[in-house]
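This report concerns only the one structure given below.
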Amino acid sequence: MDFSVSTIKYSETGYFSKIAIDYLNQSDFLKNFYMHAPNPEGIKAAIKARQSFSTNRALLVQELKEQYQGIALTAKQEKNLLSLLDANSFTITTAHQPNIFTGPLYFIYKIFHVIKLAEEFNASHEGNHFVPVYYMGSEDADLDELGYIHIDGKKLVWETSQTGAVGRMKVDKKLLQLIEEIYGQIGVLPFGNEMADLLRSTYTIGKTIQQATLELVNTLFAEYGLLIVIPDNARLKKSFQPVIEKELKEQFSHHAVQQTIISLSEHYKVQAGGRELNLFYLFEDKRERIELKNNQYTVQSLQLSWNLEGILEELNNFPERFSANVILRGVFQETILPNILFVGGGGELAYWLELKKVFKAADVPYPVLLLRNSFVLIREHQEADMEKLGFSIKDLFQPAEFLINELVKRESLHSLDLVEELRTATTYYTALKEKAGKIDASLGEHVSALETKAIKRLTELEKKLLRAEKRKFDVQQRQITAFKQSVFPSNSLQERTDNLSAWYASYGKGFMQMIYEASLGLEPDFIRITVKD
């Protein structure tokens, strides 16, 4: 597969939050909200901190082996799995919910990022070994977010009556029908049959979504040595029991995060506020909040209630029924994994920056945070069309309307702005206001009203001139609109909308290899890939 790569700064795209850009720029204000900078020195410090924490490596390896029963591991996976028993072996982790059929493209990108980082660190840190990990957030219950994909602009939704943790839901006939809808869109492409068969083989009736996701992601990434962790596991949760007990007794996470949220909210939009008790109760097809009222721990929708002694007994007997929410999820992840670096999107980065004191209160090492790689994929003929219209790569991140207006202003044979006329009008009314004021001070307000009306009408005329001239550039307008809808659908980043299916159906495993090769490590740049036609 032939392609070329270039990069631009995240700040030049206009698609990333202020907190993400400030973190990339290592702003002084944010330095109090994380432990280790995302650079070689920060990596060394994170390794040192992790070495002083006792991770139950034997348990982790045992549970991973059981999880992978019936699945053949590659040599790289075998090596990585066994290495986790070694005190000098560490994980580099990204997390994501089990979106059906991998969801948006950035799911693929963030996994390749941890793979590339592990390879780079293995080459540069003699005496240590680094393992790329995908931590599956299978206890998320937001099916509205996880139960659909987009292919070529069409939204395909899984219509199911199932509730609770999405990972525990079962593949049903409606989901199989969705696979056939996908095949109807990609079947004519060179690798369409291969992609559809992959989905059919991993999503089979009665299988849980977390198991189907494990098998699909493993098929896509096994050759790169990726290990997948499904944390919805009684024995792994048992190892997290001391932190859950602390939360039940003290509600420590709420107290730890509140002061941080207040400080952060002075400069940024708060990502996750949490609750007084940051735990859910999982039972069969339900995932409901545990609430503390009048010294009673209740799950109202299930009509369950315990005193402190009773809920601690429930935890001891059924640890798998307790689920961390967003405030404690990362602490659980970092408890069961010997992790030194977490790769996440802008939203994930924002809420992890709220959690430093939560980690300290739980006495769990806080990892290096790294903004995941982002890509825009442009086919060669699309890029050529935009270059002919006089646009640079940076220009293409602008809204379609902006690009059209810029093109018309640049290419028109007429002057379409009324800057000089507006300046003249302002000068005229300033002089008139002075003259009228000498006669009667109250006339100044009348002149100001006349000026406002005149400026408004001139501005409206300017817009009409541009609209009239646009009609002469109909072909170019359609080119720009089609490009933006394909590469920046709904004026969003392609990676937040497009699913893997159509891209894989077009290029097969070559697409995966392309993303792998183009992925960066610690370098904080946005990546453009031009795919040769």
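In the structure tokens, chains take letters A, B, ... by order of appearance, with residues numbered from 1 within each chain and ligands from 1 in the order shown.
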
For region 214-223 of chain A: contacts at 6 Å, only C-alpha atoms, fewer than 3 positions along chain excluded, given as a list in words =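 Using only C-alpha atoms, the neighbours found are Thr202, Gln211 and Leu226 of chain A.
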
Keeping N, CA and C atoms, export the residues of the selection given above as a PDB file, in the first residue's frame.
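Generated file (selection_34.pdb):
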ATOM      1  N   THR A 202     -16.373 -13.561  14.500  1.00  0.00           N
ATOM      2  CA  THR A 202     -16.139 -13.130  15.886  1.00  0.00           C
ATOM      3  C   THR A 202     -17.431 -12.782  16.615  1.00  0.00           C
ATOM      4  N   GLN A 211     -16.399 -10.698  24.768  1.00  0.00           N
ATOM      5  CA  GLN A 211     -15.671 -11.817  24.170  1.00  0.00           C
ATOM      6  C   GLN A 211     -15.515 -11.619  22.661  1.00  0.00           C
ATOM      7  N   LEU A 226       0.058  -7.330  20.919  1.00  0.00           N
ATOM      8  CA  LEU A 226      -0.873  -6.687  21.846  1.00  0.00           C
ATOM      9  C   LEU A 226      -1.526  -7.706  22.779  1.00  0.00           C
TER      10      LEU A 226
END

Name all residues at most 7 Å from Glu495 (chain A) (count only C-alpha atoms; drop same-chain ones fewer than 4 positions away) and give them as a count of residues only.
-> 4

Selection: 9 Å around Ile182 (chain A), only C-alpha atoms, excl. self and same-chain fewer than 6 positions, as a PyMOL selection string | chain A and resi 151+156+196+501-502

Nearby residues (only C-alpha atoms) at most 10 Å from Asn499 (chain A), same-chain spacing under 5 positions excluded, as a list in words |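 In the requested form, the answer reads Ile100, Phe101, Thr102, Gly103, Pro104, Leu105, Tyr106, Phe107, Ile108, Tyr148, Ile149, His150, Ile151, Asp152, Gly153, Gln494 and Tyr504 of chain A.
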
Given the choices A:Phe332, A:Phe90, A:Phe526, A:Tyr366, which gets closest to His129 (chain A) if the distance is worked out from only C-alpha atoms?
->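 Looking at the shortest contact to His129 (chain A), the residue is A:Phe90.
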
Running DSSP on the backbone, which parts of region 125-321 of chain A land in strand (DSSP E or B), as a PyMOL selection string?
-> chain A and resi 129-136+148-151+154-157+170+208+227-229+279-283+286-289+291-293+296-299+304-306

Would you mind listing what lies within 7 Å of region 477-486 of chain A as a PyMOL selection string, with only C-alpha atoms counted and same-chain residues fewer than 5 positions away left out?
-> chain A and resi 382+400+404

File of the preceding selection, N, CA and C atoms, as a compact mmCIF listing (two decimals), in the first residue's frame:
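Output (result.txt):
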# COMPACT_ATOMS: atom_id res chain seq x y z
N GLN A 382 -8.11 13.42 -3.90
CA GLN A 382 -8.77 14.47 -3.11
C GLN A 382 -7.79 15.59 -2.79
N ALA A 400 -16.16 24.25 5.61
CA ALA A 400 -16.39 24.35 4.17
C ALA A 400 -16.77 25.78 3.77
N ILE A 404 -14.91 28.07 0.96
CA ILE A 404 -15.63 28.58 -0.22
C ILE A 404 -15.51 30.09 -0.30

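Of note, CA of Leu198 (chain A) and CA of Val114 (chain A) are spaced 23.4 Å apart.
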
Work out how far apart CA of Leu520 (chain A) and CA of Ser374 (chain A) are and give it in Å to one decimal.
->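 Going from CA of Leu520 (chain A) over to CA of Ser374 (chain A) covers 9.6 Å.
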
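Here the question is which of A:Gly330, A:Gln241, A:Phe130, A:Ala256 gets nearest to Glu313 (chain A) using only C-alpha atoms, and that residue is A:Gln241.
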
Interatomic distance between CA of Thr74 (chain A) and CA of Glu517 (chain A)?
-> 20.0 Å

Write out as a PyMOL selection string each polymer residue whose atoms come within 8 Å of Ala37 (chain A), counting only C-alpha atoms; drop sequence neighbours fewer than 5 positions from it.
-> chain A and resi 26+42-43+368-369

Go through region 81-235 of chain A and collect every residue that DSSP, computed from the backbone, puts in alpha helix (DSSP H); the answer should be as a PyMOL selection string.
-> chain A and resi 81-83+106-124+143-146+173-186+192-202+209-221+234-235
